[in-house]
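Printed here is query_33.cif (mmCIF, C-alpha atoms):
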data_structure
#
loop_
_atom_site.label_atom_id
_atom_site.label_comp_id
_atom_site.auth_asym_id
_atom_site.auth_seq_id
_atom_site.Cartn_x
_atom_site.Cartn_y
_atom_site.Cartn_z
CA MET A 6 -10.65 -0.14 -13.20
CA GLN A 7 -13.02 -0.82 -10.33
CA SER A 8 -13.72 2.20 -8.18
CA MET A 9 -15.22 2.26 -4.73
CA PRO A 10 -16.95 5.39 -3.45
CA SER A 11 -15.10 8.01 -1.49
CA HIS A 12 -16.37 8.76 1.98
CA ASN A 13 -16.15 12.10 3.68
CA VAL A 14 -14.61 11.59 7.10
CA GLY A 15 -16.07 13.95 9.68
CA GLY A 16 -18.59 16.66 9.12
CA THR A 17 -16.69 19.43 7.34
CA GLY A 18 -15.67 19.86 3.73
CA THR A 19 -12.02 20.10 4.76
CA SER A 20 -11.85 16.68 6.40
CA MET A 21 -9.98 13.78 4.86
CA SER A 22 -11.94 11.36 2.71
CA PHE A 23 -11.32 7.74 1.82
CA GLY A 24 -11.19 6.31 -1.67
CA LEU A 25 -10.26 2.88 -2.98
CA GLN A 26 -9.76 1.91 -6.61
CA LYS A 27 -8.84 -1.55 -7.85
CA ASP A 28 -7.02 -2.03 -11.13
CA ILE A 29 -4.93 -4.72 -12.83
CA ARG A 30 -1.54 -3.71 -14.31
CA ASP A 31 0.61 -6.25 -16.09
CA GLY A 32 -1.47 -8.99 -14.46
CA ILE A 33 -0.89 -7.66 -10.94
CA PRO A 34 -3.74 -6.27 -8.84
CA VAL A 35 -3.21 -2.66 -7.79
CA LEU A 36 -5.23 -1.11 -4.98
CA ARG A 37 -5.03 2.70 -4.98
CA ILE A 38 -5.90 4.25 -1.65
CA SER A 39 -6.63 7.94 -1.26
CA GLY A 40 -7.43 10.05 1.76
CA ALA A 41 -7.39 8.64 5.28
CA VAL A 42 -7.57 5.00 6.39
CA MET A 43 -8.97 4.94 9.90
CA GLU A 44 -11.54 3.23 12.11
CA LEU A 45 -14.47 4.51 10.03
CA ASN A 46 -13.30 2.66 6.88
CA ILE A 47 -10.83 0.09 8.17
CA ALA A 48 -13.19 -2.81 7.38
CA GLN A 49 -13.45 -1.74 3.73
CA PHE A 50 -9.66 -1.42 3.50
CA SER A 51 -9.09 -4.85 5.08
CA ARG A 52 -11.81 -6.49 2.96
CA ALA A 53 -10.26 -5.14 -0.25
CA LEU A 54 -6.87 -6.61 0.69
CA ARG A 55 -8.42 -9.92 1.77
CA THR A 56 -10.56 -10.43 -1.36
CA THR A 57 -7.63 -9.50 -3.59
CA ALA A 58 -5.33 -11.94 -1.75
CA GLN A 59 -7.91 -14.73 -2.15
CA GLN A 60 -7.41 -14.48 -5.92
CA SER A 61 -3.84 -15.79 -5.29
CA PRO A 62 -1.82 -13.25 -7.25
CA THR A 63 1.96 -13.41 -6.98
CA ALA A 64 1.90 -9.85 -5.63
CA ILE A 65 -0.53 -7.16 -4.56
CA VAL A 66 0.48 -3.57 -5.16
CA LEU A 67 -0.89 -1.07 -2.68
CA ASP A 68 -0.51 2.43 -4.12
CA LEU A 69 -0.43 4.88 -1.20
CA THR A 70 0.67 7.91 -3.23
CA ASP A 71 -2.58 9.79 -2.52
CA THR A 72 -3.00 8.49 1.03
CA GLU A 73 -2.99 11.27 3.59
CA TYR A 74 -3.22 9.23 6.79
CA LEU A 75 -3.01 5.65 8.09
CA ASP A 76 -4.08 5.02 11.67
CA SER A 77 -2.45 2.36 13.82
CA GLN A 78 -5.05 -0.24 12.82
CA ALA A 79 -4.25 0.35 9.14
CA VAL A 80 -0.52 -0.04 9.82
CA GLY A 81 -1.27 -3.27 11.70
CA ILE A 82 -3.29 -4.55 8.74
CA LEU A 83 -0.36 -3.82 6.41
CA VAL A 84 1.97 -5.82 8.64
CA PHE A 85 -0.58 -8.65 8.98
CA PHE A 86 -1.17 -8.93 5.23
CA HIS A 87 2.55 -8.68 4.50
CA SER A 88 3.20 -11.65 6.82
CA THR A 89 0.21 -13.64 5.61
CA LEU A 90 0.96 -13.13 1.94
CA GLN A 91 4.63 -13.89 2.46
CA SER A 92 3.81 -17.21 4.12
CA ASP A 93 1.62 -18.05 1.10
CA GLY A 94 4.41 -17.21 -1.37
CA GLN A 95 2.85 -13.88 -2.31
CA ARG A 96 4.06 -10.31 -1.76
CA LEU A 97 2.54 -7.03 -0.64
CA VAL A 98 4.34 -4.18 -2.40
CA ILE A 99 3.78 -0.54 -1.47
CA VAL A 100 4.03 2.22 -4.07
CA ASN A 101 4.51 5.82 -2.99
CA ARG A 102 5.16 8.14 -5.94
CA ASN A 103 5.16 11.23 -3.75
CA PRO A 104 8.61 12.74 -4.38
CA HIS A 105 8.63 14.97 -1.31
CA ALA A 106 11.13 13.86 1.32
CA ASN A 107 8.83 15.08 4.09
CA SER A 108 5.62 13.47 2.83
CA TYR A 109 3.43 11.84 5.47
CA MET A 110 3.74 8.33 4.01
CA ARG A 111 7.51 8.50 3.62
CA ASN A 112 7.90 9.74 7.20
CA LEU A 113 5.47 7.11 8.52
CA PHE A 114 7.34 4.25 6.86
CA LYS A 115 10.72 5.59 7.93
CA THR A 116 9.70 6.32 11.54
CA THR A 117 7.96 2.96 12.06
CA GLY A 118 10.66 0.99 10.25
CA LEU A 119 8.10 -0.43 7.80
CA SER A 120 10.31 0.55 4.86
CA LYS A 121 12.81 -2.04 6.12
CA VAL A 122 10.13 -4.75 6.19
CA LEU A 123 7.88 -3.96 3.24
CA PRO A 124 9.11 -3.21 -0.26
CA VAL A 125 8.28 0.46 -0.90
CA LEU A 126 8.68 1.55 -4.53
CA ALA A 127 8.73 5.03 -6.02
CA SER A 128 6.86 3.74 -9.09
CA PHE A 129 5.11 0.67 -10.42
CA ASP A 130 7.62 -1.45 -12.29
CA TYR A 131 6.49 -4.95 -13.29
CA ASP A 132 9.98 -6.48 -13.07
CA THR A 133 10.68 -4.97 -9.65
CA VAL A 134 7.29 -6.01 -8.27
CA ASN A 135 7.86 -9.55 -9.51
CA ALA A 136 11.40 -9.76 -8.13
CA THR A 137 11.75 -12.59 -5.67
CA THR A 138 13.78 -10.62 -3.15
CA THR A 139 13.53 -7.18 -1.64
CA ALA A 140 16.40 -4.75 -1.42
CA PRO A 141 18.78 -5.44 1.45
CA LYS A 142 18.79 -3.03 4.38
CA GLY A 143 20.33 0.28 3.40
CA HIS A 144 20.34 -0.55 -0.32
CA CYS A 145 18.21 1.34 -2.82
CA SER A 146 17.45 -0.76 -5.85
CA PRO A 147 17.22 0.57 -9.42
CA GLY A 148 13.47 -0.08 -9.18
CA GLY A 149 13.17 2.81 -6.74
CA TYR A 150 13.07 1.45 -3.22
CA LEU A 151 12.58 4.33 -0.84
CA CYS A 152 15.15 3.26 1.72
CA GLN A 153 17.27 5.67 3.65
#
Please, can you express the file's structure as structure tokens?
Amino acid sequence: MQSMPSHNVGGTGTSMSFGLQKDIRDGIPVLRISGAVMELNIAQFSRALRTTAQQSPTAIVLDLTDTEYLDSQAVGILVFFHSTLQSDGQRLVIVNRNPHANSYMRNLFKTTGLSKVLPVLASFDYDTVNATTTAPKGHCSPGGYLCQ
């Protein structure tokens, strides 16, 4: 597992930090993001997605379980990479294992409608990640799509 350093965002010990770890599971690259993705670290976030995509995997899993915040630029990058990868025959798959119905990431994806565009899984499942289609609107697949 490749780990990138965490960065303290702001000047206090209580501020959100940013961490990025890259791993390979079942042949699929997994980027685990923790803390906050915002202007201070957006270039590192984007670069990690870009360099991973250049390796031409069938899918990239972005694990946002430990992500506390995505700013609007980060959301835009998710949409951009989803579209770019899709046009290249690849997929961007989001994993959010946070079971809480009111978690920040779940609310963000529901409010913005991203959960209807991007596959959002409750766990990493090789077969589901490699599926060629995403769950239809309003349908929750056995693989754990977080649709509502």
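In terms of minimum interatomic distance to Leu69 (chain A), A:Ala41 ranks closest within A:Ala41, A:Leu90, A:Met21, A:Ile82, counting all atoms listed in the file.
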Assuming the chain letters and numbering stay as they are in my file, what does the PyMOL selection byres ((chain A and resi 42) around 8) actually select? List them as a short mmCIF file (atom, residue, chain, number, x, y, z; two decimals) with C-alpha atoms, in the frame of the given file.
data_model
loop_
_atom_site.label_atom_id
_atom_site.label_comp_id
_atom_site.auth_asym_id
_atom_site.auth_seq_id
_atom_site.Cartn_x
_atom_site.Cartn_y
_atom_site.Cartn_z
CA PHE A 23 -11.32 7.74 1.82
CA GLY A 40 -7.43 10.05 1.76
CA ALA A 41 -7.39 8.64 5.28
CA MET A 43 -8.97 4.94 9.90
CA GLU A 44 -11.54 3.23 12.11
CA LEU A 45 -14.47 4.51 10.03
CA ASN A 46 -13.30 2.66 6.88
CA ILE A 47 -10.83 0.09 8.17
CA PHE A 50 -9.66 -1.42 3.50
CA THR A 72 -3.00 8.49 1.03
CA TYR A 74 -3.22 9.23 6.79
CA LEU A 75 -3.01 5.65 8.09
CA ASP A 76 -4.08 5.02 11.67
CA ALA A 79 -4.25 0.35 9.14
#
For this file, the PyMOL selection byres ((chain A and resi 92-107) around 9) selects which residues, as a PyMOL selection string?
-> chain A and resi 58+61-72+83+86-91+108-112+123-129+134-135+137+151
Could you please determine the separation between CA of Leu54 (chain A) and CA of Leu36 (chain A) in Å, to one decimal place?
->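 Spanning CA of Leu54 (chain A) to CA of Leu36 (chain A) is a straight-line distance of 8.1 Å.
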Please indicate the distance in Å from CA of Ile29 (chain A) to CA of Thr57 (chain A), rounded to one decimal place.
-> 10.7 Å
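Taking CA of Ala48 (chain A) and CA of Lys27 (chain A) as endpoints, the distance between them is 15.9 Å.
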May I ask you to restore all heavy atoms in region 43-54 of chain A and write the result as a short mmCIF file (atom, residue, chain, number, x, y, z; two decimals), keeping the file's coordinate frame?
data_model
loop_
_atom_site.label_atom_id
_atom_site.label_comp_id
_atom_site.auth_asym_id
_atom_site.auth_seq_id
_atom_site.Cartn_x
_atom_site.Cartn_y
_atom_site.Cartn_z
N MET A 43 -8.80 4.88 8.45
CA MET A 43 -8.97 4.94 9.90
C MET A 43 -10.16 4.08 10.30
O MET A 43 -10.75 3.40 9.47
CB MET A 43 -9.12 6.38 10.37
CG MET A 43 -10.25 7.14 9.70
SD MET A 43 -10.45 8.83 10.25
CE MET A 43 -9.14 9.65 9.39
N GLU A 44 -10.51 4.10 11.56
CA GLU A 44 -11.54 3.23 12.11
C GLU A 44 -12.83 3.23 11.28
O GLU A 44 -13.44 2.19 11.09
CB GLU A 44 -11.84 3.63 13.55
CG GLU A 44 -12.79 2.69 14.24
CD GLU A 44 -13.00 3.04 15.70
OE1 GLU A 44 -12.41 4.01 16.19
OE2 GLU A 44 -13.77 2.31 16.33
N LEU A 45 -13.23 4.37 10.78
CA LEU A 45 -14.47 4.51 10.03
C LEU A 45 -14.49 3.62 8.78
O LEU A 45 -15.53 3.12 8.39
CB LEU A 45 -14.68 5.97 9.64
CG LEU A 45 -15.92 6.32 8.86
CD1 LEU A 45 -17.17 6.05 9.71
CD2 LEU A 45 -15.88 7.78 8.43
N ASN A 46 -13.34 3.40 8.14
CA ASN A 46 -13.30 2.66 6.88
C ASN A 46 -12.32 1.50 6.90
O ASN A 46 -12.02 0.93 5.86
CB ASN A 46 -12.97 3.62 5.73
CG ASN A 46 -11.76 4.47 6.03
OD1 ASN A 46 -10.76 3.98 6.55
ND2 ASN A 46 -11.84 5.75 5.70
N ILE A 47 -11.85 1.14 8.06
CA ILE A 47 -10.83 0.09 8.17
C ILE A 47 -11.35 -1.26 7.65
O ILE A 47 -10.59 -2.02 7.03
CB ILE A 47 -10.28 -0.03 9.62
CG1 ILE A 47 -8.92 -0.73 9.61
CG2 ILE A 47 -11.25 -0.72 10.54
CD1 ILE A 47 -7.81 0.12 9.13
N ALA A 48 -12.62 -1.54 7.85
CA ALA A 48 -13.19 -2.81 7.38
C ALA A 48 -13.17 -2.88 5.86
O ALA A 48 -12.84 -3.93 5.28
CB ALA A 48 -14.61 -2.99 7.91
N GLN A 49 -13.48 -1.78 5.19
CA GLN A 49 -13.45 -1.74 3.73
C GLN A 49 -12.02 -1.93 3.21
O GLN A 49 -11.79 -2.66 2.25
CB GLN A 49 -14.04 -0.42 3.25
CG GLN A 49 -14.14 -0.32 1.75
CD GLN A 49 -14.73 1.02 1.31
OE1 GLN A 49 -15.07 1.87 2.11
NE2 GLN A 49 -14.83 1.20 0.01
N PHE A 50 -11.07 -1.29 3.86
CA PHE A 50 -9.66 -1.42 3.50
C PHE A 50 -9.19 -2.87 3.66
O PHE A 50 -8.61 -3.45 2.74
CB PHE A 50 -8.85 -0.48 4.41
CG PHE A 50 -7.35 -0.57 4.25
CD1 PHE A 50 -6.73 -0.18 3.09
CD2 PHE A 50 -6.57 -1.02 5.30
CE1 PHE A 50 -5.34 -0.24 2.95
CE2 PHE A 50 -5.19 -1.08 5.18
CZ PHE A 50 -4.58 -0.69 4.00
N SER A 51 -9.49 -3.47 4.80
CA SER A 51 -9.09 -4.85 5.08
C SER A 51 -9.77 -5.82 4.12
O SER A 51 -9.14 -6.74 3.60
CB SER A 51 -9.43 -5.20 6.53
OG SER A 51 -9.04 -6.50 6.82
N ARG A 52 -11.05 -5.61 3.87
CA ARG A 52 -11.81 -6.49 2.96
C ARG A 52 -11.23 -6.45 1.56
O ARG A 52 -11.11 -7.47 0.89
CB ARG A 52 -13.28 -6.09 2.98
CG ARG A 52 -14.18 -7.01 2.19
CD ARG A 52 -15.69 -6.72 2.35
NE ARG A 52 -16.05 -5.31 2.45
CZ ARG A 52 -16.37 -4.68 3.59
NH1 ARG A 52 -16.36 -5.33 4.73
NH2 ARG A 52 -16.71 -3.41 3.58
N ALA A 53 -10.84 -5.26 1.09
CA ALA A 53 -10.26 -5.14 -0.25
C ALA A 53 -8.95 -5.93 -0.35
O ALA A 53 -8.72 -6.63 -1.33
CB ALA A 53 -10.03 -3.67 -0.59
N LEU A 54 -8.11 -5.83 0.68
CA LEU A 54 -6.87 -6.61 0.69
C LEU A 54 -7.16 -8.11 0.74
O LEU A 54 -6.56 -8.90 0.02
CB LEU A 54 -5.99 -6.20 1.86
CG LEU A 54 -5.20 -4.91 1.68
CD1 LEU A 54 -4.62 -4.45 3.00
CD2 LEU A 54 -4.10 -5.10 0.65
#
